[in-house]
Amino acid sequence: MSTSALPKQYDPSEVEPKWLSFWLDNGFFHADDASATVPYSITLPPPNVTGSLHIGHALGSTMQDVLIRWRRMQGWNAMWMPGIDHASIAVHVLLEKDLKRREHKTRFDLGRDEFMRRAWQWKERSGSRISEQEKLMGFSLDWPRERFTMDDQSNRAVREAFVRLYEEGLIFRAKRMINWDPGSETVVSDLEVDTVEEHGSLWSIRYPFADGSGEIVVATTRPETMLGDTGVAVHPDDARYTAVVGKELALPLTGRTIPVVADSFVDPAFGSGAVKVTPAHDPNDYECSQRTGLAILQVIDTRGRMQAPAPAKYVGMTVDDARKAVVADLEAGGFLVETKPYKVPRGRSQRSGAVIEPMLMEQWWVKAGPLAAKAAAAVEDGKTKFVPELWTKTYMHWMNHIKDWCISRQLWWGHRIPAWYCDSCAQITVAREEPAACPACHGKVHQDEDILDTWFSSALWPFSTLGWPDKTRALATFYPNNVLVTGPDIIFFWVARMMMMGIHFMGKVPFRTVYLTSIVTDENGDKMSKTKGNVIDPLDVVHGATIEALLARVDVEKPPDPEAAKKGIKKHFGKGIPAMGVDSLRFALAALNTGSSRIRLSIERVEGYRNFINKLWNASRFALLNLDGYDPERFEAQLASPAARGQLAMPEKWILSRLQATSAAVDTALEQFRFSDAANAIYHFVWDELCDWYIELAKPHLHRPEGLQQDAKASARRHVVQGVLATVLETTMRLLHPFAPYVTEEIWQKLPKPPQLPASLMITVFPRADPSWVDVAAEAEMQLVQDVAVATRMLRATYGVAPSQTVAIELRATAEAPRALLEKYKELIERSARITATLAAGGAPLAGAAKALVGADVQVLLPLGGLIDAPKEKARIEKELEKSRKEIAALEKKLANADFIARAPEEVVAEIRGRLRDEELRTKALVEALETLGVMK
RNA sequence: GGGCGAAUAGCUCAGCGGAAGAGCGUCGCCCUUACAAGGCGGUGGUCGCAGGUUCGAACCCUGCUUCGCCCACCA
């Protein structure tokens with residue numbers, strides 16, 4: 001057997017590329033549509049083509065890969081679908097910004113064809129970059145299936161879905177109030193508008209009656225819209241105005257007259273109780289006009305400038321300029337009553353940041369009601385579950401209050417709407433293929449200029465990626481997906497719409513479980529942003545980055561405030577970022593993912609888990625240095641029978657028992673998406689049990705005998721210990737592999753193991769908890785050894801006994817059972833605490849000895865003779881005594897309570913009694929120790 | 001204005017009805033031949049506040065306070 005030595009520190013840069021290409025070359029990530037095994041599928045939320053992998057992706061994708069690798073190893077036919085999203089509006093914003101900066105042009109200057117050409121160019125560059133990054137992270141995506149939301153197959157799916165929905169009356173064209181984004185010059189959906197409170201003013205304006213009989217004062221935060229007013233509304237029950245309803249007002253600055261109408265949407269308590277109504281530019285006012293029959297005048301155009309029928313003077317002004325002009329003119333005309341500062345809720349485009357202009361326009365809509373009803377019912381019936389469960393409410397609330405979805409966009413990069421208008425008649429043709437001529441009048445047709453909301457194609461993604469609208473094998477096998485992992489921020493945008501479309505077109509929910517990830521923030525809980533300079537780039541964590549490199553990047557990326565960004569970078573990454581490899585990052589993300597709403601990540605945190613990976617590396621290194629002569633096949637045969645297992649020594653029984661408990665914990669945790677529990681179970685097993693105890697106890701048995709002839713017994717024992725160590729490590733690699741694929745593969749490949757195993761760790765079998773390995777007795781015995789060793793080390797440390805010095809201690813136990821155990825494991829204790837021990841049942845108080853208690857009965861005596869520091873010892877024991885007495889008081893109080901005795905379960909009462917007994921023994925021993933000290937004085 | 005969540009060790013978080021836990025930090029002592037990215041030991045908490053339910057509450061209920069995050073058309 002080879003005993004290849006490993007370097008002292010784990011070097012991911014050598015290991016990662018090697019195994020990545022090994023996995024890819026062997027097609028281990030690919031799932032077979034026709035496999036007879038149980039399918040398990042996840043669709044990766046397709047990253048935007050504009051982006052590169054950020055920490056949020058790293059989190060979500062790592063969790064998906066953990067699930068996929070885990071299920072794959074459990075024998076499921078695990079398929080993880082990769083893809084990229086065309087991100088219509090995001091690309092627009094990006095390309096247009098670039099165009100403006102480099103060429104001072106708009107997309108309109110460029111023209112549709114040229115713009116599209118450049119967008120595709122961008123896609124080719126950017127799309128492959130993100131895939132490369134995903135590969136680097138070890139994500140076991142099924143690459144041959146990789147898709148793009150604007151590839152031929154997706155285009156076909158989009159057309160098919162659009163046409164069918166249109167034919168079913170679920171897609172329609174209508175003139176309604178929409179959110180106009182003057183920045184990107186397109187409609188955006190309600191979800192793409194952020195309402196923010198901004199400082200503005202509330203103007204009160206006088207509207208005189210046309211007959212000169214007085215006036216009505218109205219208040220507004222948008223005086224320029226008065227140019228489009230077509231009425232003033234009052235509450236029908238408002239006694240102040242009942243007499244004037246129906247009268248005409250002379251609208252200042254316009255020469256028009258407008259009526260006073262009654263509508264109950266008016267709040268009589270606000271301002272004067274009268275509202276100016278601008279139906280074309282305010283959603284409320286539009287509703288009002290529909291109820292009261294007021295006319296609609298559009299005075300703002302799609303570029304956010306005033307247009308006729310506003311008076312010529314204002315035409316062409318921007319909204320802001322028009323506002324100033326109107327206010328000035330009103331004031332000059334004596335119409336302005338007052339101006340006061342006011343907090344104005346203002347809608348802003350999430351994409352362009354421009355102030356949203358509500359407008360009345362003809363657009364394409366999805367009738368959401370019927371789709372949402374089924375999507376809500378599916379969750380109510382438990383067909384799809386949210387994890388954590390609390391998101392169910394968010395989803396349900398939205399579904400139950402859903403509004404129609406505006407799906408047309410006045411952009412170019414995206415799926416062009418498959419609707420053709422006749423140049424001669426009013427016929428609209430919605431079809432899968434471009435019609436040669438108008439079916440009604442045979443006139444020429446032209447296609448709708450608009451494209452679809454980027455989320456329309458995303459909504460079809462779980463089935464369009466599997467071949468829909470064709471009935472494919474892949475679709476039959478992998479739809480519905482088992483899990484969707486995504487961020488809560490796109491529940492409405494994406495999750496809800498996949499649910500609606502999946503149920504509609506496939507008749508089944510698209511996924512059984514929706515796992516919502518946390519938001520990754522910096523260590524202070526602040527959202528990561530380029531401007532704050534607190535962005536943790538996963539690739540920097542993997543490869544490392546000097547502070548200079550990080551700062552230099554700011555100059556290339558040119559964020560809005562480069563100085564602030566640099567300051568932030570210096571603050572957060574002052575010493576740069578050490579290269580920590582993929583596994584450290586992945587493991588950190590899993591370990592920190594407790595399911596709370598945010599994960600505070602910092603470089604220090606990742607370093608902590610890098611240390612863990614290194615610890616594991618060194619434990620393996622130790623093993624490999626000591627496995628010479630080990631024969632895995634022989635060992636397997638040795639362990640095959642339960643009887644043989646019974647022959648194992650306690651430490652071996654113990655570590656195997658702990659290992660099986662860890663397997664069980666990992667499995668249970670993953671079933672419940674408790675990633676941090678799973679990661680921490682492995683972390684503690686490896687560090688606290690395997691490294692801190694088992695390896696230490698194994699050492700004397702592994703060392704090669706000095707003499708020429710090794711005695712047979714020691715040799716056999718050595719082989720068993722080697723076997724257990726190798727087995728435990730091999731199992732640990734399998735357990736840990738979904739979290740840290742690279743380091744585990746590297747170690748696993750080096751470990752001696754029985755032949756006929758697969759070529760890669762990633763296709764071995766995930767450890768299954770086997771209760772037959774549980775050994776309660778061994779765990780209890782080991783606990784005693786650990787407790788005695790720890791108590792002894794504590795005394796040593798307290799009294800400054802040099803680590804190199806072996807001291808003699810006395811162990812006392814009055815009871816027979818623990819004394820027998822101490823006797824049995826004397827050597828283990830001696831080795832763990834660097835002592836020699838003598839055992840006694842009791843005896844006279846030992847003057848000049850420091851004393852520690854283990855449990856109630858076992859005493860550890862460290863003889864110090866004249867060197868004992870009596871006051872220190874006294875203080876220490878008194879502190880323990882105080883704790884013990886408090887505990888006794890609490891326990892006695894409980895037992896004195898008749899209700900407790902009567903109502904609490906018997907076993908609880910018995911347990912409390914037992915604890916009281918033990919605690920009393922402790923107190924007695926501690927008092928005795930104090931008395932012994934007294935002798936010294 | 002509605003809804004949801006959080007408040008536990010210096011920091012970040014587990015625990016969610018029967019003995020207060022982890023990681024990091026901090027303080028000692030150690031280069032003990034796997035690992036100083038390490039070892040050993042220690043310190044540190046009226047579990048936000050006030051009530052209630054219960055034999056028993058960090059955990060369940062009510063109210064309050066303080067922070068987050070969503071949703072919402074008030075001129």
# chains A, B, ... in the order shown; residues from 1 in each chain; ligands from 1
call {"tool": "closest_atom_pairs", "arguments": {"of": "region 14-74 of chain B", "to": "region 1-6 of chain B", "cutoff": "12 Å", "atoms": "only C-alpha atoms (C1' of nucleotides)", "output": "Markdown table"}}
result
| residue | atom | partner | partner_atom | distance |
| --- | --- | --- | --- | --- |
| B:G48 | C1' | B:A6 | C1' | 11.0 |
| B:U66 | C1' | B:A6 | C1' | 10.5 |
| B:C67 | C1' | B:A6 | C1' | 7.8 |
| B:G68 | C1' | B:A6 | C1' | 7.2 |
| B:C69 | C1' | B:G5 | C1' | 7.5 |
| B:C70 | C1' | B:C4 | C1' | 7.3 |
| B:C71 | C1' | B:G3 | C1' | 7.1 |
| B:A72 | C1' | B:G2 | C1' | 7.4 |
| B:C74 | C1' | B:G1 | C1' | 10.2 |
call {"tool": "write_last_selection", "arguments": {"atoms": "N, CA, C and O atoms (P, O5', C5', C4', C3', O3' and C1' of nucleotides)", "output": "PDB file, in the first residue's frame"}}
result
ATOM      1  P     G B  48     -34.496  37.757  25.962  1.00  0.00           P
ATOM      2  O5'   G B  48     -34.439  39.346  26.058  1.00  0.00           O
ATOM      3  C5'   G B  48     -33.299  40.028  26.596  1.00  0.00           C
ATOM      4  C4'   G B  48     -33.672  41.482  26.726  1.00  0.00           C
ATOM      5  C3'   G B  48     -34.812  41.751  27.689  1.00  0.00           C
ATOM      6  O3'   G B  48     -34.348  41.906  29.007  1.00  0.00           O
ATOM      7  C1'   G B  48     -35.245  42.827  25.627  1.00  0.00           C
ATOM      8  P     U B  66     -39.825  52.371  20.671  1.00  0.00           P
ATOM      9  O5'   U B  66     -38.466  51.669  20.246  1.00  0.00           O
ATOM     10  C5'   U B  66     -37.268  51.895  20.975  1.00  0.00           C
ATOM     11  C4'   U B  66     -36.244  50.887  20.537  1.00  0.00           C
ATOM     12  C3'   U B  66     -36.158  50.695  19.033  1.00  0.00           C
ATOM     13  O3'   U B  66     -35.426  51.732  18.412  1.00  0.00           O
ATOM     14  C1'   U B  66     -36.194  48.583  20.083  1.00  0.00           C
ATOM     15  P     C B  67     -35.438  51.860  16.821  1.00  0.00           P
ATOM     16  O5'   C B  67     -34.199  50.930  16.497  1.00  0.00           O
ATOM     17  C5'   C B  67     -33.957  50.545  15.210  1.00  0.00           C
ATOM     18  C4'   C B  67     -33.458  49.121  15.153  1.00  0.00           C
ATOM     19  C3'   C B  67     -33.692  48.499  13.800  1.00  0.00           C
ATOM     20  O3'   C B  67     -32.688  48.937  12.902  1.00  0.00           O
ATOM     21  C1'   C B  67     -34.403  46.991  15.453  1.00  0.00           C
ATOM     22  P     G B  68     -33.173  49.580  11.519  1.00  0.00           P
ATOM     23  O5'   G B  68     -32.795  48.377  10.567  1.00  0.00           O
ATOM     24  C5'   G B  68     -33.802  47.798   9.817  1.00  0.00           C
ATOM     25  C4'   G B  68     -33.555  46.341   9.654  1.00  0.00           C
ATOM     26  C3'   G B  68     -34.361  45.795   8.502  1.00  0.00           C
ATOM     27  O3'   G B  68     -33.617  45.915   7.308  1.00  0.00           O
ATOM     28  C1'   G B  68     -34.901  44.588  10.433  1.00  0.00           C
ATOM     29  P     C B  69     -34.193  46.938   6.217  1.00  0.00           P
ATOM     30  O5'   C B  69     -34.912  45.897   5.259  1.00  0.00           O
ATOM     31  C5'   C B  69     -34.415  44.555   5.163  1.00  0.00           C
ATOM     32  C4'   C B  69     -35.559  43.603   4.983  1.00  0.00           C
ATOM     33  C3'   C B  69     -36.656  44.083   4.068  1.00  0.00           C
ATOM     34  O3'   C B  69     -36.253  44.026   2.715  1.00  0.00           O
ATOM     35  C1'   C B  69     -37.619  43.070   5.960  1.00  0.00           C
ATOM     36  P     C B  70     -37.094  44.833   1.618  1.00  0.00           P
ATOM     37  O5'   C B  70     -38.110  43.691   1.217  1.00  0.00           O
ATOM     38  C5'   C B  70     -39.301  44.030   0.602  1.00  0.00           C
ATOM     39  C4'   C B  70     -40.379  43.034   0.948  1.00  0.00           C
ATOM     40  C3'   C B  70     -41.730  43.542   0.516  1.00  0.00           C
ATOM     41  O3'   C B  70     -41.941  43.227  -0.855  1.00  0.00           O
ATOM     42  C1'   C B  70     -41.865  42.944   2.776  1.00  0.00           C
ATOM     43  P     C B  71     -42.169  44.451  -1.835  1.00  0.00           P
ATOM     44  O5'   C B  71     -43.731  44.676  -1.632  1.00  0.00           O
ATOM     45  C5'   C B  71     -44.624  43.566  -1.770  1.00  0.00           C
ATOM     46  C4'   C B  71     -45.908  43.846  -1.045  1.00  0.00           C
ATOM     47  C3'   C B  71     -46.609  45.143  -1.401  1.00  0.00           C
ATOM     48  O3'   C B  71     -47.278  45.064  -2.645  1.00  0.00           O
ATOM     49  C1'   C B  71     -46.613  44.899   0.923  1.00  0.00           C
ATOM     50  P     A B  72     -47.235  46.377  -3.585  1.00  0.00           P
ATOM     51  O5'   A B  72     -48.270  47.364  -2.887  1.00  0.00           O
ATOM     52  C5'   A B  72     -49.466  46.861  -2.311  1.00  0.00           C
ATOM     53  C4'   A B  72     -50.193  47.967  -1.584  1.00  0.00           C
ATOM     54  C3'   A B  72     -50.040  49.363  -2.149  1.00  0.00           C
ATOM     55  O3'   A B  72     -50.855  49.566  -3.287  1.00  0.00           O
ATOM     56  C1'   A B  72     -49.790  49.456   0.185  1.00  0.00           C
ATOM     57  P     C B  74     -50.571  55.134  -0.839  1.00  0.00           P
ATOM     58  O5'   C B  74     -50.188  56.562  -0.268  1.00  0.00           O
ATOM     59  C5'   C B  74     -51.149  57.311   0.431  1.00  0.00           C
ATOM     60  C4'   C B  74     -52.008  58.058  -0.509  1.00  0.00           C
ATOM     61  C3'   C B  74     -51.964  59.586  -0.424  1.00  0.00           C
ATOM     62  O3'   C B  74     -51.053  60.118  -1.362  1.00  0.00           O
ATOM     63  C1'   C B  74     -54.179  58.856  -0.116  1.00  0.00           C
TER      64        C B  74
END
call {"tool": "residues_around", "arguments": {"residues": "Trp143 (chain A)", "least_positions_apart": "3", "cutoff": "10 Å", "atoms": "only C-alpha atoms (C1' of nucleotides)", "output": "list in words"}}
result
Leu24, Gly27, Phe29, His30, Ala31, Trp80, Met81, Pro82, Gly83, Ser131, Lys135, Ser140, Glu146 and Arg147 of chain A
call {"tool": "write_last_selection", "arguments": {"atoms": "all heavy atoms", "output": "mmCIF file, in the first residue's frame"}}
result
data_model
loop_
_atom_site.group_PDB
_atom_site.id
_atom_site.type_symbol
_atom_site.label_atom_id
_atom_site.label_comp_id
_atom_site.auth_asym_id
_atom_site.auth_seq_id
_atom_site.Cartn_x
_atom_site.Cartn_y
_atom_site.Cartn_z
ATOM 1 N N LEU A 24 -15.658 16.329 -15.013
ATOM 2 C CA LEU A 24 -16.295 16.741 -16.260
ATOM 3 C C LEU A 24 -15.998 15.739 -17.380
ATOM 4 O O LEU A 24 -16.902 15.324 -18.105
ATOM 5 C CB LEU A 24 -15.815 18.142 -16.670
ATOM 6 C CG LEU A 24 -16.331 19.308 -15.816
ATOM 7 C CD1 LEU A 24 -15.613 20.600 -16.184
ATOM 8 C CD2 LEU A 24 -17.838 19.476 -15.979
ATOM 9 N N GLY A 27 -18.048 12.738 -17.248
ATOM 10 C CA GLY A 27 -19.501 12.912 -17.329
ATOM 11 C C GLY A 27 -20.247 12.559 -16.057
ATOM 12 O O GLY A 27 -21.416 12.181 -16.094
ATOM 13 N N PHE A 29 -21.444 14.434 -13.915
ATOM 14 C CA PHE A 29 -22.528 15.376 -13.574
ATOM 15 C C PHE A 29 -23.788 15.121 -14.398
ATOM 16 O O PHE A 29 -24.811 15.735 -14.180
ATOM 17 C CB PHE A 29 -22.084 16.830 -13.842
ATOM 18 C CG PHE A 29 -20.936 17.306 -13.002
ATOM 19 C CD1 PHE A 29 -20.312 18.534 -13.295
ATOM 20 C CD2 PHE A 29 -20.479 16.592 -11.910
ATOM 21 C CE1 PHE A 29 -19.253 19.001 -12.529
ATOM 22 C CE2 PHE A 29 -19.412 17.054 -11.128
ATOM 23 C CZ PHE A 29 -18.801 18.268 -11.444
ATOM 24 N N HIS A 30 -23.648 14.247 -15.360
ATOM 25 C CA HIS A 30 -24.759 14.067 -16.285
ATOM 26 C C HIS A 30 -25.724 12.989 -15.808
ATOM 27 O O HIS A 30 -25.319 11.911 -15.392
ATOM 28 C CB HIS A 30 -24.218 13.702 -17.675
ATOM 29 C CG HIS A 30 -25.291 13.570 -18.705
ATOM 30 N ND1 HIS A 30 -26.125 14.610 -19.047
ATOM 31 C CD2 HIS A 30 -25.685 12.513 -19.450
ATOM 32 C CE1 HIS A 30 -26.980 14.197 -19.973
ATOM 33 N NE2 HIS A 30 -26.732 12.926 -20.233
ATOM 34 N N ALA A 31 -27.003 13.301 -15.874
ATOM 35 C CA ALA A 31 -28.030 12.331 -15.485
ATOM 36 C C ALA A 31 -28.699 11.796 -16.750
ATOM 37 O O ALA A 31 -28.871 12.520 -17.725
ATOM 38 C CB ALA A 31 -29.068 12.991 -14.581
ATOM 39 N N TRP A 80 -29.242 18.357 -12.287
ATOM 40 C CA TRP A 80 -29.258 19.780 -11.941
ATOM 41 C C TRP A 80 -29.120 20.561 -13.236
ATOM 42 O O TRP A 80 -28.095 20.489 -13.909
ATOM 43 C CB TRP A 80 -28.109 20.079 -10.966
ATOM 44 C CG TRP A 80 -28.151 21.440 -10.366
ATOM 45 C CD1 TRP A 80 -29.190 22.322 -10.361
ATOM 46 C CD2 TRP A 80 -27.072 22.085 -9.673
ATOM 47 N NE1 TRP A 80 -28.842 23.468 -9.689
ATOM 48 C CE2 TRP A 80 -27.565 23.341 -9.262
ATOM 49 C CE3 TRP A 80 -25.763 21.717 -9.341
ATOM 50 C CZ2 TRP A 80 -26.758 24.247 -8.550
ATOM 51 C CZ3 TRP A 80 -24.979 22.608 -8.641
ATOM 52 C CH2 TRP A 80 -25.470 23.859 -8.240
ATOM 53 N N MET A 81 -30.167 21.280 -13.566
ATOM 54 C CA MET A 81 -30.302 21.934 -14.874
ATOM 55 C C MET A 81 -29.634 23.306 -14.909
ATOM 56 O O MET A 81 -30.052 24.205 -14.197
ATOM 57 C CB MET A 81 -31.813 22.083 -15.128
ATOM 58 C CG MET A 81 -32.166 22.721 -16.425
ATOM 59 S SD MET A 81 -31.956 21.549 -17.774
ATOM 60 C CE MET A 81 -31.361 22.667 -19.006
ATOM 61 N N PRO A 82 -28.610 23.478 -15.734
ATOM 62 C CA PRO A 82 -27.974 24.791 -15.832
ATOM 63 C C PRO A 82 -28.585 25.657 -16.933
ATOM 64 O O PRO A 82 -29.201 25.138 -17.869
ATOM 65 C CB PRO A 82 -26.530 24.445 -16.192
ATOM 66 C CG PRO A 82 -26.600 23.124 -16.892
ATOM 67 C CD PRO A 82 -27.916 22.464 -16.553
ATOM 68 N N GLY A 83 -28.396 26.941 -16.823
ATOM 69 C CA GLY A 83 -28.899 27.838 -17.854
ATOM 70 C C GLY A 83 -28.596 29.288 -17.532
ATOM 71 O O GLY A 83 -28.098 29.605 -16.447
ATOM 72 N N SER A 131 -20.657 30.556 -16.691
ATOM 73 C CA SER A 131 -20.609 29.090 -16.655
ATOM 74 C C SER A 131 -19.256 28.603 -16.148
ATOM 75 O O SER A 131 -19.175 27.637 -15.388
ATOM 76 C CB SER A 131 -20.854 28.510 -18.050
ATOM 77 O OG SER A 131 -22.037 29.029 -18.586
ATOM 78 N N LYS A 135 -18.505 26.237 -12.893
ATOM 79 C CA LYS A 135 -17.709 25.009 -12.937
ATOM 80 C C LYS A 135 -16.620 25.054 -11.872
ATOM 81 O O LYS A 135 -16.417 24.102 -11.119
ATOM 82 C CB LYS A 135 -17.080 24.831 -14.319
ATOM 83 C CG LYS A 135 -18.078 24.335 -15.337
ATOM 84 C CD LYS A 135 -17.499 24.253 -16.730
ATOM 85 C CE LYS A 135 -18.609 23.917 -17.707
ATOM 86 N NZ LYS A 135 -18.342 24.350 -19.072
ATOM 87 N N SER A 140 -22.081 20.618 -9.604
ATOM 88 C CA SER A 140 -22.217 19.448 -10.473
ATOM 89 C C SER A 140 -23.454 19.572 -11.356
ATOM 90 O O SER A 140 -24.371 18.770 -11.298
ATOM 91 C CB SER A 140 -22.243 18.165 -9.652
ATOM 92 O OG SER A 140 -23.284 18.176 -8.705
ATOM 93 N N GLU A 146 -27.240 22.467 -20.789
ATOM 94 C CA GLU A 146 -27.268 23.916 -20.561
ATOM 95 C C GLU A 146 -28.124 24.665 -21.582
ATOM 96 O O GLU A 146 -28.096 24.397 -22.769
ATOM 97 C CB GLU A 146 -25.850 24.493 -20.601
ATOM 98 C CG GLU A 146 -25.828 25.969 -20.217
ATOM 99 C CD GLU A 146 -24.434 26.574 -20.198
ATOM 100 O OE1 GLU A 146 -23.504 25.935 -20.724
ATOM 101 O OE2 GLU A 146 -24.296 27.682 -19.653
ATOM 102 N N ARG A 147 -28.873 25.631 -21.069
ATOM 103 C CA ARG A 147 -29.827 26.351 -21.922
ATOM 104 C C ARG A 147 -29.748 27.850 -21.713
ATOM 105 O O ARG A 147 -29.171 28.336 -20.743
ATOM 106 C CB ARG A 147 -31.238 25.844 -21.601
ATOM 107 C CG ARG A 147 -31.483 24.402 -22.054
ATOM 108 C CD ARG A 147 -31.701 24.331 -23.549
ATOM 109 N NE ARG A 147 -32.813 25.192 -23.896
ATOM 110 C CZ ARG A 147 -34.091 24.826 -23.812
ATOM 111 N NH1 ARG A 147 -34.406 23.609 -23.463
ATOM 112 N NH2 ARG A 147 -35.057 25.680 -24.123
#
call {"tool": "closest_atom_pairs", "arguments": {"of": "chain B", "to": "chain A", "cutoff": "8 Å", "atoms": "only C-alpha atoms (C1' of nucleotides)", "output": "CSV"}}
result
residue,atom,partner,partner_atom,distance
B:C4,C1',A:Leu390,CA,7.9
B:U12,C1',A:Arg600,CA,7.4
B:A14,C1',A:Thr594,CA,7.8
B:G18,C1',A:Val908,CA,6.8
B:C24,C1',A:Arg605,CA,7.6
B:C29,C1',A:Ala797,CA,6.7
B:C30,C1',A:Pro803,CA,6.7
B:U32,C1',A:Ser804,CA,7.1
B:A34,C1',A:Phe622,CA,4.0
B:C35,C1',A:Asn618,CA,5.1
B:A37,C1',A:Asn611,CA,4.7
B:C40,C1',A:Arg793,CA,7.2
B:G41,C1',A:Met794,CA,5.5
B:C55,C1',A:Phe900,CA,3.6
B:G56,C1',A:Phe900,CA,7.5
B:C73,C1',A:Asn284,CA,5.5
B:C74,C1',A:Asp267,CA,7.7
B:A75,C1',A:Thr220,CA,5.5
call {"tool": "write_last_selection", "arguments": {"atoms": "C-alpha atoms (C1' of nucleotides)", "output": "PDB file, in the first residue's frame"}}
result
ATOM      1  C1'   C B   4     -43.877  39.146   8.675  1.00  0.00           C
ATOM      2  C1'   U B  12     -22.419  36.425  15.116  1.00  0.00           C
ATOM      3  C1'   A B  14     -28.105  27.647  17.568  1.00  0.00           C
ATOM      4  C1'   G B  18     -37.983  19.255  32.056  1.00  0.00           C
ATOM      5  C1'   C B  24     -15.260  33.860  16.670  1.00  0.00           C
ATOM      6  C1'   C B  29       0.286  28.015  29.347  1.00  0.00           C
ATOM      7  C1'   C B  30       2.708  25.303  25.210  1.00  0.00           C
ATOM      8  C1'   U B  32       4.105  17.692  22.704  1.00  0.00           C
ATOM      9  C1'   A B  34      -0.709  15.304  11.552  1.00  0.00           C
ATOM     10  C1'   C B  35      -1.839  20.350  11.918  1.00  0.00           C
ATOM     11  C1'   A B  37      -4.477  27.802   9.466  1.00  0.00           C
ATOM     12  C1'   C B  40      -4.255  22.435  26.508  1.00  0.00           C
ATOM     13  C1'   G B  41      -6.944  25.136  30.057  1.00  0.00           C
ATOM     14  C1'   C B  55     -45.845  21.153  38.891  1.00  0.00           C
ATOM     15  C1'   G B  56     -42.020  23.443  35.743  1.00  0.00           C
ATOM     16  C1'   C B  73     -53.156  54.470  -4.934  1.00  0.00           C
ATOM     17  C1'   C B  74     -54.179  58.856  -0.116  1.00  0.00           C
ATOM     18  C1'   A B  75     -54.316  64.068  -3.406  1.00  0.00           C
TER      19        A B  75
END
call {"tool": "select_by_dssp", "arguments": {"residues": "region 475-634 of chain A", "states": "strand (DSSP E)", "output": "short mmCIF file (atom, residue, chain, number, x, y, z; two decimals) with N, CA and C atoms, in the first residue's frame"}}
result
data_model
loop_
_atom_site.label_atom_id
_atom_site.label_comp_id
_atom_site.auth_asym_id
_atom_site.auth_seq_id
_atom_site.Cartn_x
_atom_site.Cartn_y
_atom_site.Cartn_z
N ASN A 481 -39.77 19.29 -10.70
CA ASN A 481 -38.51 19.28 -9.95
C ASN A 481 -38.81 18.96 -8.49
N ASN A 482 -37.84 18.42 -7.81
CA ASN A 482 -38.03 18.17 -6.39
C ASN A 482 -37.94 19.45 -5.58
N VAL A 483 -36.97 20.27 -5.93
CA VAL A 483 -36.73 21.46 -5.13
C VAL A 483 -36.43 22.65 -6.03
N LEU A 484 -36.84 23.80 -5.58
CA LEU A 484 -36.36 25.05 -6.16
C LEU A 484 -35.63 25.78 -5.05
N VAL A 485 -34.42 26.22 -5.32
CA VAL A 485 -33.69 27.01 -4.34
C VAL A 485 -33.49 28.40 -4.91
N THR A 486 -34.04 29.39 -4.23
CA THR A 486 -33.88 30.76 -4.74
C THR A 486 -34.07 31.75 -3.61
N PHE A 511 -42.46 22.31 -8.83
CA PHE A 511 -41.49 21.79 -7.84
C PHE A 511 -42.24 21.48 -6.55
N ARG A 512 -41.73 20.51 -5.82
CA ARG A 512 -42.38 20.06 -4.58
C ARG A 512 -42.05 20.96 -3.40
N THR A 513 -40.83 21.44 -3.41
CA THR A 513 -40.40 22.26 -2.29
C THR A 513 -39.72 23.52 -2.82
N VAL A 514 -40.02 24.64 -2.21
CA VAL A 514 -39.30 25.87 -2.52
C VAL A 514 -38.46 26.20 -1.30
N TYR A 515 -37.14 26.11 -1.46
CA TYR A 515 -36.26 26.48 -0.34
C TYR A 515 -35.77 27.90 -0.58
N LEU A 516 -36.11 28.80 0.33
CA LEU A 516 -35.71 30.20 0.18
C LEU A 516 -34.44 30.46 0.96
N ILE A 519 -30.34 36.25 2.77
CA ILE A 519 -29.60 37.30 2.11
C ILE A 519 -28.19 37.31 2.71
N VAL A 520 -27.17 37.37 1.87
CA VAL A 520 -25.81 37.45 2.40
C VAL A 520 -25.44 38.93 2.55
N THR A 521 -25.08 39.30 3.78
CA THR A 521 -24.68 40.69 4.01
C THR A 521 -23.23 40.70 4.52
N ARG A 598 -30.78 36.48 7.29
CA ARG A 598 -29.58 36.93 6.62
C ARG A 598 -28.34 36.22 7.19
N ILE A 599 -27.33 36.18 6.36
CA ILE A 599 -26.07 35.57 6.76
C ILE A 599 -25.02 36.67 6.75
N ARG A 600 -24.45 36.92 7.90
CA ARG A 600 -23.39 37.93 7.96
C ARG A 600 -22.08 37.24 7.66
#
call {"tool": "select_by_dssp", "arguments": {"residues": "region 647-786 of chain A", "states": "alpha helix (DSSP H)", "output": "ChimeraX atom specification"}}
result
/A:650-671,675-684,695-702,712-736,741-750,776-786
call {"tool": "atom_distance", "arguments": {"atom1": "CA of Trp19 (chain A)", "atom2": "CA of Pro632 (chain A)"}}
result
24.1 Å
